[in-house]
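**Student:** Here you go, this is model09.tsv (TSV, N, CA and C atoms).
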```tsv
chain	number	residue	atom	x	y	z
A	1	MET	N	137.56	203.63	-53.99
A	1	MET	CA	138.12	204.35	-52.89
A	1	MET	C	138.12	203.52	-51.63
A	2	ALA	N	137.14	202.75	-51.44
A	2	ALA	CA	137.02	201.96	-50.23
A	2	ALA	C	137.95	200.76	-50.25
A	3	GLU	N	138.62	200.53	-51.35
A	3	GLU	CA	139.49	199.35	-51.45
A	3	GLU	C	140.73	199.47	-50.56
A	4	GLY	N	141.27	200.65	-50.33
A	4	GLY	CA	142.50	200.84	-49.56
A	4	GLY	C	142.28	200.91	-48.05
A	5	THR	N	141.08	200.99	-47.62
A	5	THR	CA	140.82	201.11	-46.18
A	5	THR	C	140.48	199.74	-45.61
A	6	SER	N	140.80	199.57	-44.33
A	6	SER	CA	140.44	198.32	-43.65
A	6	SER	C	139.60	198.66	-42.43
A	7	SER	N	139.04	197.65	-41.84
A	7	SER	CA	138.17	197.89	-40.70
A	7	SER	C	138.96	198.35	-39.47
A	8	GLY	N	140.25	197.97	-39.36
A	8	GLY	CA	141.09	198.42	-38.26
A	8	GLY	C	140.83	197.67	-36.96
A	9	GLY	N	140.09	196.62	-36.97
A	9	GLY	CA	139.78	195.89	-35.75
A	9	GLY	C	140.93	195.02	-35.28
A	10	GLY	N	141.79	194.57	-36.19
A	10	GLY	CA	142.85	193.65	-35.81
A	10	GLY	C	143.93	194.30	-34.97
A	11	SER	N	144.34	195.50	-35.30
A	11	SER	CA	145.41	196.15	-34.56
A	11	SER	C	144.93	196.63	-33.19
A	12	ASN	N	143.70	197.05	-33.10
A	12	ASN	CA	143.18	197.51	-31.82
A	12	ASN	C	142.99	196.37	-30.84
A	13	SER	N	142.59	195.20	-31.32
A	13	SER	CA	142.40	194.08	-30.40
A	13	SER	C	143.75	193.57	-29.89
A	14	GLY	N	144.78	193.63	-30.72
A	14	GLY	CA	146.10	193.23	-30.26
A	14	GLY	C	146.64	194.18	-29.20
A	15	LEU	N	146.43	195.46	-29.40
A	15	LEU	CA	146.85	196.46	-28.43
A	15	LEU	C	146.08	196.30	-27.13
A	16	ALA	N	144.80	196.02	-27.20
A	16	ALA	CA	143.99	195.83	-26.00
A	16	ALA	C	144.45	194.60	-25.23
A	17	PHE	N	144.86	193.55	-25.93
A	17	PHE	CA	145.37	192.34	-25.27
A	17	PHE	C	146.67	192.64	-24.52
A	18	ILE	N	147.56	193.41	-25.12
A	18	ILE	CA	148.83	193.76	-24.48
A	18	ILE	C	148.59	194.65	-23.26
A	19	VAL	N	147.74	195.65	-23.39
A	19	VAL	CA	147.43	196.55	-22.28
A	19	VAL	C	146.75	195.78	-21.14
A	20	GLY	N	145.87	194.87	-21.47
A	20	GLY	CA	145.22	194.05	-20.45
A	20	GLY	C	146.21	193.18	-19.70
A	21	GLY	N	147.17	192.61	-20.42
A	21	GLY	CA	148.20	191.81	-19.78
A	21	GLY	C	149.06	192.64	-18.84
A	22	LEU	N	149.41	193.86	-19.26
A	22	LEU	CA	150.19	194.74	-18.40
A	22	LEU	C	149.42	195.14	-17.14
A	23	VAL	N	148.13	195.35	-17.27
A	23	VAL	CA	147.31	195.70	-16.11
A	23	VAL	C	147.28	194.54	-15.11
A	24	VAL	N	147.18	193.32	-15.61
A	24	VAL	CA	147.17	192.14	-14.74
A	24	VAL	C	148.51	192.00	-14.03
A	25	ILE	N	149.61	192.21	-14.74
A	25	ILE	CA	150.94	192.10	-14.13
A	25	ILE	C	151.12	193.15	-13.05
A	26	VAL	N	150.70	194.38	-13.31
A	26	VAL	CA	150.83	195.44	-12.31
A	26	VAL	C	149.95	195.13	-11.09
A	27	ALA	N	148.77	194.58	-11.30
A	27	ALA	CA	147.89	194.24	-10.18
A	27	ALA	C	148.51	193.15	-9.32
A	28	VAL	N	149.12	192.13	-9.94
A	28	VAL	CA	149.76	191.05	-9.19
A	28	VAL	C	150.96	191.59	-8.41
A	29	LEU	N	151.77	192.42	-9.03
A	29	LEU	CA	152.92	193.00	-8.34
A	29	LEU	C	152.48	193.88	-7.17
A	30	ALA	N	151.44	194.66	-7.37
A	30	ALA	CA	150.94	195.52	-6.29
A	30	ALA	C	150.42	194.68	-5.13
A	31	PHE	N	149.75	193.57	-5.43
A	31	PHE	CA	149.25	192.70	-4.37
A	31	PHE	C	150.40	192.14	-3.54
A	32	PHE	N	151.45	191.67	-4.20
A	32	PHE	CA	152.58	191.11	-3.46
A	32	PHE	C	153.33	192.18	-2.67
A	33	MET	N	153.46	193.36	-3.24
A	33	MET	CA	154.18	194.41	-2.53
A	33	MET	C	153.40	194.91	-1.33
A	34	MET	N	152.08	195.01	-1.44
A	34	MET	CA	151.27	195.50	-0.33
A	34	MET	C	151.14	194.45	0.77
A	35	SER	N	151.18	193.18	0.42
A	35	SER	CA	151.01	192.14	1.43
A	35	SER	C	152.34	191.68	2.00
A	36	GLY	N	153.45	192.23	1.55
A	36	GLY	CA	154.76	191.84	2.07
A	36	GLY	C	155.25	190.53	1.49
A	37	GLY	N	154.83	190.20	0.30
A	37	GLY	CA	155.21	188.93	-0.31
A	37	GLY	C	156.66	188.88	-0.75
A	38	PHE	N	157.27	190.01	-1.05
A	38	PHE	CA	158.64	190.01	-1.54
A	38	PHE	C	159.67	190.11	-0.42
A	39	THR	N	159.26	190.59	0.73
A	39	THR	CA	160.22	190.79	1.82
A	39	THR	C	159.99	189.76	2.91
A	40	GLN	N	161.06	189.41	3.58
A	40	GLN	CA	160.95	188.52	4.72
A	40	GLN	C	160.69	189.38	5.95
A	41	LYS	N	159.78	188.91	6.77
A	41	LYS	CA	159.47	189.68	7.97
A	41	LYS	C	160.54	189.39	9.01
A	42	LYS	N	161.19	190.44	9.45
A	42	LYS	CA	162.25	190.33	10.43
A	42	LYS	C	161.80	190.99	11.73
A	43	LYS	N	162.23	190.42	12.83
A	43	LYS	CA	161.95	191.04	14.11
A	43	LYS	C	163.17	191.88	14.47
A	44	VAL	N	162.95	193.15	14.58
A	44	VAL	CA	164.02	194.07	14.91
A	44	VAL	C	163.75	194.63	16.29
A	45	ASP	N	164.72	194.46	17.18
A	45	ASP	CA	164.59	194.97	18.54
A	45	ASP	C	165.72	195.96	18.78
A	46	VAL	N	165.38	197.22	18.86
A	46	VAL	CA	166.36	198.27	19.05
A	46	VAL	C	166.18	198.84	20.45
A	47	ASP	N	167.25	198.84	21.23
A	47	ASP	CA	167.21	199.39	22.58
A	47	ASP	C	168.21	200.53	22.66
A	48	ILE	N	167.69	201.72	22.79
A	48	ILE	CA	168.56	202.89	22.86
A	48	ILE	C	168.42	203.47	24.26
A	49	SER	N	169.51	203.50	24.97
A	49	SER	CA	169.49	204.10	26.30
A	49	SER	C	170.67	205.07	26.39
A	50	ALA	N	170.34	206.30	26.66
A	50	ALA	CA	171.36	207.34	26.78
A	50	ALA	C	170.98	208.24	27.93
A	51	SER	N	171.97	208.66	28.69
A	51	SER	CA	171.68	209.57	29.79
A	51	SER	C	171.94	211.00	29.33
A	52	ALA	N	171.06	211.88	29.76
A	52	ALA	CA	171.21	213.28	29.38
A	52	ALA	C	172.32	213.91	30.23
A	53	PRO	N	173.07	214.84	29.67
A	53	PRO	CA	174.13	215.48	30.45
A	53	PRO	C	173.53	216.34	31.56
A	54	GLN	N	174.26	216.46	32.66
A	54	GLN	CA	173.82	217.28	33.79
A	54	GLN	C	174.13	218.74	33.49
A	55	LEU	N	173.11	219.56	33.48
A	55	LEU	CA	173.29	220.98	33.18
A	55	LEU	C	173.62	221.74	34.47
A	56	PRO	N	174.41	222.80	34.36
A	56	PRO	CA	174.70	223.60	35.57
A	56	PRO	C	173.47	224.37	36.01
A	57	ASP	N	173.45	224.73	37.30
A	57	ASP	CA	172.33	225.52	37.82
A	57	ASP	C	172.34	226.91	37.20
A	58	ALA	N	171.16	227.46	37.06
A	58	ALA	CA	171.04	228.81	36.51
A	58	ALA	C	171.53	229.83	37.53
A	59	PRO	N	172.10	230.94	37.09
A	59	PRO	CA	172.57	231.96	38.05
A	59	PRO	C	171.38	232.61	38.75
A	60	LYS	N	171.62	233.14	39.95
A	60	LYS	CA	170.56	233.80	40.71
A	60	LYS	C	170.19	235.12	40.04
A	61	ALA	N	168.93	235.49	40.18
A	61	ALA	CA	168.47	236.73	39.59
A	61	ALA	C	169.00	237.90	40.42
A	62	PRO	N	169.32	239.03	39.79
A	62	PRO	CA	169.83	240.18	40.57
A	62	PRO	C	168.74	240.77	41.45
A	63	GLU	N	169.16	241.49	42.47
A	63	GLU	CA	168.23	242.13	43.40
A	63	GLU	C	167.48	243.24	42.66
A	64	ALA	N	166.25	243.45	43.04
A	64	ALA	CA	165.47	244.51	42.43
A	64	ALA	C	165.98	245.87	42.91
A	65	PRO	N	166.01	246.88	42.06
A	65	PRO	CA	166.48	248.19	42.50
A	65	PRO	C	165.52	248.82	43.51
A	66	LYS	N	166.08	249.63	44.41
A	66	LYS	CA	165.27	250.27	45.44
A	66	LYS	C	164.58	251.49	44.84
A	67	ALA	N	163.40	251.73	45.32
A	67	ALA	CA	162.64	252.88	44.83
A	67	ALA	C	163.30	254.18	45.31
A	68	PRO	N	163.40	255.20	44.47
A	68	PRO	CA	164.02	256.47	44.92
A	68	PRO	C	163.12	257.19	45.91
A	69	GLY	N	163.74	257.73	46.94
A	69	GLY	CA	163.00	258.51	47.95
A	69	GLY	C	162.29	257.64	48.95
A	70	GLY	N	162.36	256.37	48.83
A	70	GLY	CA	161.69	255.50	49.79
A	70	GLY	C	162.62	255.13	50.89
A	71	SER	N	162.14	254.40	51.85
A	71	SER	CA	163.00	254.05	52.96
A	71	SER	C	163.68	252.73	52.79
```
Just give me the structure of the file as structure tokens.
**Tutor:**
Amino acid sequence: MAEGTSSGGGSNSGLAFIVGGLVVIVAVLAFFMMSGGFTQKKKVDVDISASAPQLPDAPKAPEAPKAPGGS
């Protein structure tokens, strides 16, 4: 019965090697992306100047009503 089974160590070590390589590649890519290694640093100077439109004056408030029976 034990003749058909194998220890299974060979396939797992190959998979571990591939996964380890992928982890190293992702770590290197993350380092370059976080440090700005892929992009060129550009100096961008944006000057936005706009004048706000002049709003009309608010209308005057109406006079208060007079009290009834008062003078």
**Student:** Between CA of Val19 in chain A and atom N of Phe31 in chain A, measure the distance and give it in Å to one decimal.
**Tutor:** 17.3 Å
**Student:** Could you check how far atom C of Lys42 in chain A sits from atom C of Ala27 in chain A, in Å to one decimal?
**Tutor:**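 For atom C of Lys42 in chain A relative to atom C of Ala27 in chain A, the distance reads 25.0 Å.
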**Student:** Go through range 30-59 of chain A and collect every residue that DSSP, computed from the backbone, puts in helix (DSSP H, G or I); the answer should be as a ChimeraX atom specification.
**Tutor:** /A:30-35
**Student:** Between CA of Met34 in chain A and CA of Val46 in chain A, what is the distance in Å, rounded to a tenth?
**Tutor:** 24.7 Å
